[in-house]
Amino acid sequence: MDFSLGDDRRMMADSLSRYFADTLGWEARQAAAESEAGFSRDMWAGLAELGVLGLLFGEEAGGYGGSAFDAGAVFAEVGKALATGPFLGTLLGGNILEAAGEADLLGEVIAGSKILTFADDPAMDSNGVVTDPVKAVKEGEAWRLSGAKGVVDYLGSADLIVVTAEADAGWASFLVEADAEGVERRAYPLVDGGAAGELTLEGASARLLVSGEDAISKARALGLVATVWEAVAVMEVLRDATIEYLGTRKQFGVPIGAFQALKHRMTSVALEIEQARSAAINAAAYFAKDPATRDRYGSAAKYTAGKVGALTAEEAIQMHGGIGMSWEMPLSHFAKRLVMLDHVLGDEDAHMARYLKLASAA
Amino acid sequence: MDLDFTEKDEAFREEVREFLNEKLPKRLSDKVRQGQRLTKADMEEWHAILNERGWLAPHWPVEWGGTDWSVVQRFIFETETAMAHAPRVVPFGVSMLGPVLIKFGTEEQKKHWLPRILDGSDWWCQGYSEPGAGSDLASLKTSAVREGDHYVINGQKTWTTLAQCANKIFCLVRTSKEGKKQEGISFLLVDMDTPGVEVRPIKLLDGDHEVNEVWFSDVKVPVENLVGEENKGWTCAKYLLSYERTNIAGVGASMAAFERLKEVARTTRRNGSALIEDSLFAARMAEVEIDLENMRTTNLRVLDSVGRGQTPMAESSMLKIRGTEIRQKITALMRRAAGRYAQPFLDEALEGGFNGEPVGPGWAAPVASQYFNNRKLSIFGGSNEVQREIIGKSMMGL
């Protein structure tokens, strides 16, 4: 057994941590998160130069990592710095490009010269109903996609979009150029900073990447590992800030952490976060196993992260009192990110439901 | 036992409904229902409508412009107005200062200030919390020193809700450092236009400007603006914090929010079926609904005992704790119901009259902001931790 990240991975995580500390101080983070693009292009270029994006992919695809633990290590740093940017789109879309053997294209993504995103969730109409799922139709040798995808990460900045779509023969993933004809993008900011957009395709020309749902499922599963590692890192920031506050904020002449009611609640939060960390490790460790095992641990982790995330965010704010709700405090932004991560790739309930299905089949 | 309202109460409910039907502008109820921002003018408009009918301050004595409603009638009124998505009455003048003046004010003070609250001449805000005095309110430091016919105030208040709209602020200030900290506090009325008063906005995590810091530097306040005796302000403060807490559970607001949630869960589809048929989501909804129904009866039981002349202490705190928990749970469920669409932030959709294309479900735009904003419910008005202390002391002697 070995619970260390390993030397190479640790070194990359440390240099990433330093890079964020040096270039993404709080004011810079806020400016980037609130900008129209929702992230800093300079930061992204810097990350590419540092080679961070290569850690997300295997050697054949021009990277030097590609394991679930590699993704986890990167996303933990993203969480710790509360960095905004097309990290998840790069990981998931890139994973499909990797599966399709698109090393050249992926090389451009790793080098930072192309921004990639992953359009998977169907768009909902104003009644909350999916009425226009993306369908793929083959015309001669070419594919055309029509339909709408919702809340696509950093869509406004993307050059390349990996789109999941249903064709007559079943699900497949396709590559769409963001500026192609028939591609309509509506970009907007997110509650927790950063940006996303609604994607509407009307006969947009597309290239088939991978047929079948397996590659899509694998990309989603890797996404679960990444978001859970990110969530745990955010939880730890909130935990540490709240413990610090409990020890320094005085009311009734004593630090408020001296009140057993608060102290014991905080210890429960800390205990739950350790459970969430273990769930994240499980998800990464079982990622390379058979899909059923992989998905069961992925759902277990996402469920845990959702449940513990809400608890951690809510308790961190509550124990800080009013100050925990102020925009000025980084804490409130970490709390927002943590709660919103529950909405990415399926929430607590969705993954409990999936876990129940997988567990009964096992 | 019998949970039915009397015929008289039911007739009263009809009267309230009729009034709301006729007088509540749709423009305002639409905004409230959709979770859009209310402007100062919106709130003033609703105040004026209620005042015209004589229903702005039902809990005041009739001689000062109140009503002779029973506590049950007040509960019905609160519930019906909330269910009709009426704007909330801004509590600072009507529900907080008014009762304090009626109890502790001089005849002149009552004559001068109470009508001004009703007719909207004054918009009050509450100067209680300070950076170092939150849950431990009595440790407040803002000082008022008597100089001839004036007090001179120096210090800082914080979390002052809607101070940006207010022209007046009632303040707890320290007038003595002798003895117990509760015994050197006085209750002062301050004109916000006085030189030396400065309002600085605080932006909250949902991006909204709702609270402020209020700074005082050598602010001169005439001594006739002291309410009650000097150094006895804590009595006013406690009275204000315990007064009119019988509707603090916000049962009406929760019922309205729950109805909205049900509507949303029926129309929104997840994985091909209505969200309300999702067993996990439905279970979460049922849990809240059961708790809310229980809370309604708990609230009525408390009202009944108040009606028989008892003063609730622990019970008010219980209503506050569970009432705010229920409201927070409902907003958390709305956030969940939106799925990924909780995340887009469409600032323009939060303004009234928005008729642009929504992103995803039409109702989803404000749900994340409301969820984050509603974290305040368990923090303000005496945090839920402070309420638990009150229950421990007053009910259990612990």
# chains A, B, ... in the order shown; residues from 1 in each chain; ligands from 1
call {"tool": "residues_around", "arguments": {"residues": "B:Ala368", "least_positions_apart": "2", "cutoff": "9 Å", "atoms": "only C-alpha atoms", "output": "PyMOL selection string"}}
result
(chain A and resi 191+336+340) or (chain B and resi 206+331-332+334-335+338+342-345+364-366+370-373)
call {"tool": "write_last_selection", "arguments": {"atoms": "N, CA and C atoms", "output": "compact mmCIF listing (two decimals), in the first residue's frame"}}
result
# COMPACT_ATOMS: atom_id res chain seq x y z
N VAL A 191 -22.26 31.37 -11.50
CA VAL A 191 -22.46 31.86 -10.14
C VAL A 191 -21.15 31.82 -9.33
N LYS A 336 -19.01 28.72 -2.58
CA LYS A 336 -19.84 28.68 -3.79
C LYS A 336 -19.33 27.62 -4.77
N MET A 340 -21.34 24.34 -6.07
CA MET A 340 -21.61 24.22 -7.51
C MET A 340 -20.95 22.97 -8.11
N ASP B 206 -23.63 36.52 -3.02
CA ASP B 206 -24.44 36.37 -4.23
C ASP B 206 -24.32 37.60 -5.13
N THR B 331 -34.84 26.14 -0.35
CA THR B 331 -34.00 26.77 -1.39
C THR B 331 -32.92 25.82 -1.87
N ALA B 332 -32.45 24.93 -0.98
CA ALA B 332 -31.45 23.94 -1.41
C ALA B 332 -32.09 22.98 -2.42
N MET B 334 -34.57 23.70 -4.48
CA MET B 334 -34.73 24.42 -5.74
C MET B 334 -33.41 24.40 -6.52
N ARG B 335 -32.33 24.59 -5.79
CA ARG B 335 -31.00 24.54 -6.41
C ARG B 335 -30.77 23.16 -7.02
N ALA B 338 -32.64 22.42 -10.25
CA ALA B 338 -32.14 23.06 -11.46
C ALA B 338 -31.01 22.25 -12.10
N ALA B 342 -28.34 25.38 -12.29
CA ALA B 342 -28.22 26.26 -11.13
C ALA B 342 -27.02 27.19 -11.31
N GLN B 343 -26.09 26.76 -12.16
CA GLN B 343 -24.79 27.43 -12.21
C GLN B 343 -24.72 28.70 -13.06
N PRO B 344 -25.41 28.77 -14.21
CA PRO B 344 -25.34 30.02 -14.98
C PRO B 344 -25.80 31.22 -14.16
N PHE B 345 -25.10 32.32 -14.31
CA PHE B 345 -25.47 33.53 -13.58
C PHE B 345 -25.94 34.59 -14.57
N ALA B 364 -34.89 28.94 -13.17
CA ALA B 364 -33.61 28.54 -12.57
C ALA B 364 -32.68 29.70 -12.24
N ALA B 365 -32.87 30.85 -12.91
CA ALA B 365 -31.87 31.92 -12.78
C ALA B 365 -31.55 32.33 -11.33
N PRO B 366 -32.55 32.53 -10.47
CA PRO B 366 -32.18 33.01 -9.13
C PRO B 366 -31.88 31.92 -8.11
N GLN B 370 -30.31 32.58 -4.42
CA GLN B 370 -31.20 32.51 -3.26
C GLN B 370 -30.70 31.52 -2.22
N TYR B 371 -30.20 30.41 -2.70
CA TYR B 371 -29.64 29.41 -1.77
C TYR B 371 -28.50 30.03 -0.97
N PHE B 372 -27.58 30.69 -1.67
CA PHE B 372 -26.44 31.28 -0.94
C PHE B 372 -26.90 32.43 -0.06
N ASN B 373 -27.81 33.26 -0.57
CA ASN B 373 -28.30 34.39 0.21
C ASN B 373 -29.03 33.92 1.47
call {"tool": "residues_around", "arguments": {"residues": "stretch 122-135 of chain B", "least_positions_apart": "2", "cutoff": "8 Å", "atoms": "only C-alpha atoms", "output": "ChimeraX atom specification"}}
result
/A:250-251 /B:92-93,116-117,119-120,137-141,156-163,165-172,214,382-383,386
call {"tool": "interface_residues", "arguments": {"of": "chain A", "to": "chain B", "cutoff": "6 Å", "atoms": "only C-alpha atoms", "output": "short mmCIF file (atom, residue, chain, number, x, y, z; two decimals) with N, CA and C atoms, in the first residue's frame"}}
result
data_model
loop_
_atom_site.label_atom_id
_atom_site.label_comp_id
_atom_site.auth_asym_id
_atom_site.auth_seq_id
_atom_site.Cartn_x
_atom_site.Cartn_y
_atom_site.Cartn_z
N MET A 124 -31.65 22.10 -21.66
CA MET A 124 -33.05 22.04 -21.25
C MET A 124 -33.74 23.29 -21.79
N ASP A 125 -35.03 23.13 -22.12
CA ASP A 125 -35.78 24.31 -22.56
C ASP A 125 -36.29 25.07 -21.34
N SER A 126 -37.08 26.11 -21.59
CA SER A 126 -37.48 26.99 -20.50
C SER A 126 -38.42 26.30 -19.50
N ASN A 127 -38.96 25.11 -19.89
CA ASN A 127 -39.79 24.36 -18.95
C ASN A 127 -38.99 23.31 -18.18
N GLY A 128 -37.69 23.23 -18.45
CA GLY A 128 -36.89 22.22 -17.77
C GLY A 128 -36.98 20.85 -18.42
N VAL A 129 -37.27 20.85 -19.72
CA VAL A 129 -37.41 19.59 -20.45
C VAL A 129 -36.38 19.55 -21.58
N PRO A 189 -21.70 34.09 -17.71
CA PRO A 189 -20.87 33.81 -16.53
C PRO A 189 -21.55 32.80 -15.60
N LEU A 190 -20.78 32.25 -14.67
CA LEU A 190 -21.31 31.29 -13.71
C LEU A 190 -21.37 31.91 -12.31
N VAL A 191 -22.26 31.37 -11.50
CA VAL A 191 -22.46 31.86 -10.14
C VAL A 191 -21.15 31.82 -9.33
N GLN A 251 -15.69 36.00 21.09
CA GLN A 251 -16.97 36.51 21.56
C GLN A 251 -17.13 36.02 22.99
N PHE A 252 -17.76 36.81 23.82
CA PHE A 252 -17.90 36.47 25.24
C PHE A 252 -16.53 36.24 25.89
N GLY A 321 -20.30 33.31 10.52
CA GLY A 321 -21.33 34.34 10.68
C GLY A 321 -21.33 35.25 9.46
N MET A 325 -20.36 35.42 4.66
CA MET A 325 -21.23 35.66 3.50
C MET A 325 -20.75 36.82 2.65
N SER A 326 -19.66 37.47 3.06
CA SER A 326 -19.27 38.67 2.32
C SER A 326 -18.42 38.29 1.10
N TRP A 327 -18.64 39.03 0.05
CA TRP A 327 -17.95 38.83 -1.24
C TRP A 327 -16.44 39.00 -1.05
N SER A 332 -16.18 32.77 0.99
CA SER A 332 -17.51 32.64 0.39
C SER A 332 -17.41 32.11 -1.04
N HIS A 343 -23.12 20.19 -8.79
CA HIS A 343 -24.00 20.26 -9.96
C HIS A 343 -23.30 19.81 -11.25
#
call {"tool": "closest_atom_pairs", "arguments": {"of": "stretch 164-226 of chain A", "to": "stretch 301-314 of chain A", "cutoff": "12 Å", "atoms": "only C-alpha atoms", "output": "Markdown table"}}
result
| residue | atom | partner | partner_atom | distance |
| --- | --- | --- | --- | --- |
| A:Arg220 | CA | A:Lys302 | CA | 11.7 |
| A:Ala221 | CA | A:Lys302 | CA | 10.2 |
| A:Leu222 | CA | A:Lys302 | CA | 11.5 |
| A:Gly223 | CA | A:Lys302 | CA | 10.2 |
| A:Leu224 | CA | A:Lys302 | CA | 6.5 |
| A:Val225 | CA | A:Ala301 | CA | 7.8 |
| A:Ala226 | CA | A:Lys302 | CA | 10.1 |
call {"tool": "select_by_dssp", "arguments": {"residues": "stretch 236-349 of chain A", "states": "strand (DSSP E or B)", "output": "ChimeraX atom specification"}}
result
/A:250-251,254-255,326
call {"tool": "closest_residue", "arguments": {"among": "A:Val134, A:Ala31, A:Ala167, A:Leu56", "to": "A:Leu91", "atoms": "only C-alpha atoms"}}
result
A:Leu56
call {"tool": "residues_around", "arguments": {"residues": "A:Val162", "least_positions_apart": "2", "cutoff": "8 Å", "atoms": "only C-alpha atoms", "output": "list in words"}}
result
Gly93, Ile96, Leu116, Thr117, Phe118, Ala119, Leu160, Thr164, Ser173, Phe174, Leu175 and Val176 of chain A
call {"tool": "closest_residue", "arguments": {"among": "A:Gly54, A:Asp42, A:Asp347, A:Gly79", "to": "A:Ser17", "atoms": "only C-alpha atoms"}}
result
A:Gly79
call {"tool": "residues_around", "arguments": {"residues": "A:Ile110", "least_positions_apart": "5", "cutoff": "10 Å", "atoms": "only C-alpha atoms", "output": "ChimeraX atom specification"}}
result
/A:45,47-49,51-57,61-63,90,94,103-105,115-116
call {"tool": "residues_around", "arguments": {"residues": "B:Gly323", "least_positions_apart": "6", "cutoff": "7 Å", "atoms": "only C-alpha atoms", "output": "ChimeraX atom specification"}}
result
/B:249-251
call {"tool": "write_last_selection", "arguments": {"atoms": "C-alpha atoms", "output": "short mmCIF file (atom, residue, chain, number, x, y, z; two decimals), in the first residue's frame"}}
result
data_model
loop_
_atom_site.label_atom_id
_atom_site.label_comp_id
_atom_site.auth_asym_id
_atom_site.auth_seq_id
_atom_site.Cartn_x
_atom_site.Cartn_y
_atom_site.Cartn_z
CA ALA B 249 -40.92 30.75 11.64
CA GLY B 250 -41.95 32.25 8.32
CA VAL B 251 -44.46 29.45 7.78
#
call {"tool": "closest_residue", "arguments": {"among": "B:Val227, B:Arg174, B:Leu188, B:Gln34", "to": "B:Lys110", "atoms": "only C-alpha atoms"}}
result
B:Val227
call {"tool": "residues_around", "arguments": {"residues": "stretch 3-14 of chain A", "least_positions_apart": "6", "cutoff": "7 Å", "atoms": "only C-alpha atoms", "output": "JSON, numbers by chain"}}
result
{"A": [70, 73, 74, 77]}
call {"tool": "residues_around", "arguments": {"residues": "stretch 10-17 of chain B", "least_positions_apart": "5", "cutoff": "9 Å", "atoms": "only C-alpha atoms", "output": "PyMOL selection string"}}
result
chain B and resi 5+22+73+76-77+80-81+84
call {"tool": "write_last_selection", "arguments": {"atoms": "C-alpha atoms", "output": "JSON list (two decimals), in the first residue's frame"}}
result
[["chain", "number", "residue", "atom", "x", "y", "z"],
["B", 5, "PHE", "CA", -59.99, 27.93, 12.37],
["B", 22, "GLU", "CA", -57.66, 43.60, -5.55],
["B", 73, "GLN", "CA", -55.57, 36.51, 12.64],
["B", 76, "ILE", "CA", -53.52, 34.15, 8.81],
["B", 77, "PHE", "CA", -52.57, 37.55, 7.43],
["B", 80, "GLU", "CA", -51.98, 34.69, 3.08],
["B", 81, "THR", "CA", -49.75, 37.59, 2.07],
["B", 84, "ALA", "CA", -49.87, 35.52, -2.59]]
call {"tool": "select_by_dssp", "arguments": {"residues": "stretch 182-319 of chain B", "states": "alpha helix (DSSP H)", "output": "PyMOL selection string"}}
result
chain B and resi 233-242+251-267+279-307+314-319
call {"tool": "atom_distance", "arguments": {"atom1": "atom CA of B:Val288", "atom2": "atom CA of B:Glu259"}}
result
11.8 Å
call {"tool": "closest_residue", "arguments": {"among": "A:Tyr286, A:Phe259, A:Tyr19, A:Phe87", "to": "A:Tyr154", "atoms": "only C-alpha atoms"}}
result
A:Phe87
call {"tool": "atom_distance", "arguments": {"atom1": "atom CA of A:Tyr188", "atom2": "atom CA of A:Met43"}}
result
20.5 Å
call {"tool": "decode", "arguments": {"residues": "stretch 159-181 of chain B", "atoms": "C-alpha atoms", "output": "JSON list (two decimals), in the first residue's frame"}}
result
[["chain", "number", "residue", "atom", "x", "y", "z"],
["B", 159, "TRP", "CA", -24.37, 44.11, 8.60],
["B", 160, "THR", "CA", -26.85, 46.99, 8.55],
["B", 161, "THR", "CA", -29.55, 45.74, 6.22],
["B", 162, "LEU", "CA", -30.82, 48.23, 3.62],
["B", 163, "ALA", "CA", -29.01, 51.17, 5.26],
["B", 164, "GLN", "CA", -28.60, 52.46, 1.71],
["B", 165, "CYS", "CA", -32.38, 53.00, 1.59],
["B", 166, "ALA", "CA", -32.76, 54.41, 5.09],
["B", 167, "ASN", "CA", -32.90, 57.98, 6.28],
["B", 168, "LYS", "CA", -32.90, 56.99, 9.96],
["B", 169, "ILE", "CA", -31.08, 54.45, 12.09],
["B", 170, "PHE", "CA", -31.83, 53.23, 15.60],
["B", 171, "CYS", "CA", -28.66, 52.36, 17.44],
["B", 172, "LEU", "CA", -27.40, 50.62, 20.49],
["B", 173, "VAL", "CA", -24.55, 52.73, 21.84],
["B", 174, "ARG", "CA", -22.31, 52.56, 24.87],
["B", 175, "THR", "CA", -22.97, 55.38, 27.30],
["B", 176, "SER", "CA", -21.13, 53.86, 30.25],
["B", 177, "LYS", "CA", -18.19, 51.55, 30.80],
["B", 178, "GLU", "CA", -19.07, 50.96, 34.45],
["B", 179, "GLY", "CA", -20.52, 47.72, 35.78],
["B", 180, "LYS", "CA", -21.93, 44.88, 33.68],
["B", 181, "LYS", "CA", -21.56, 45.42, 29.94]]
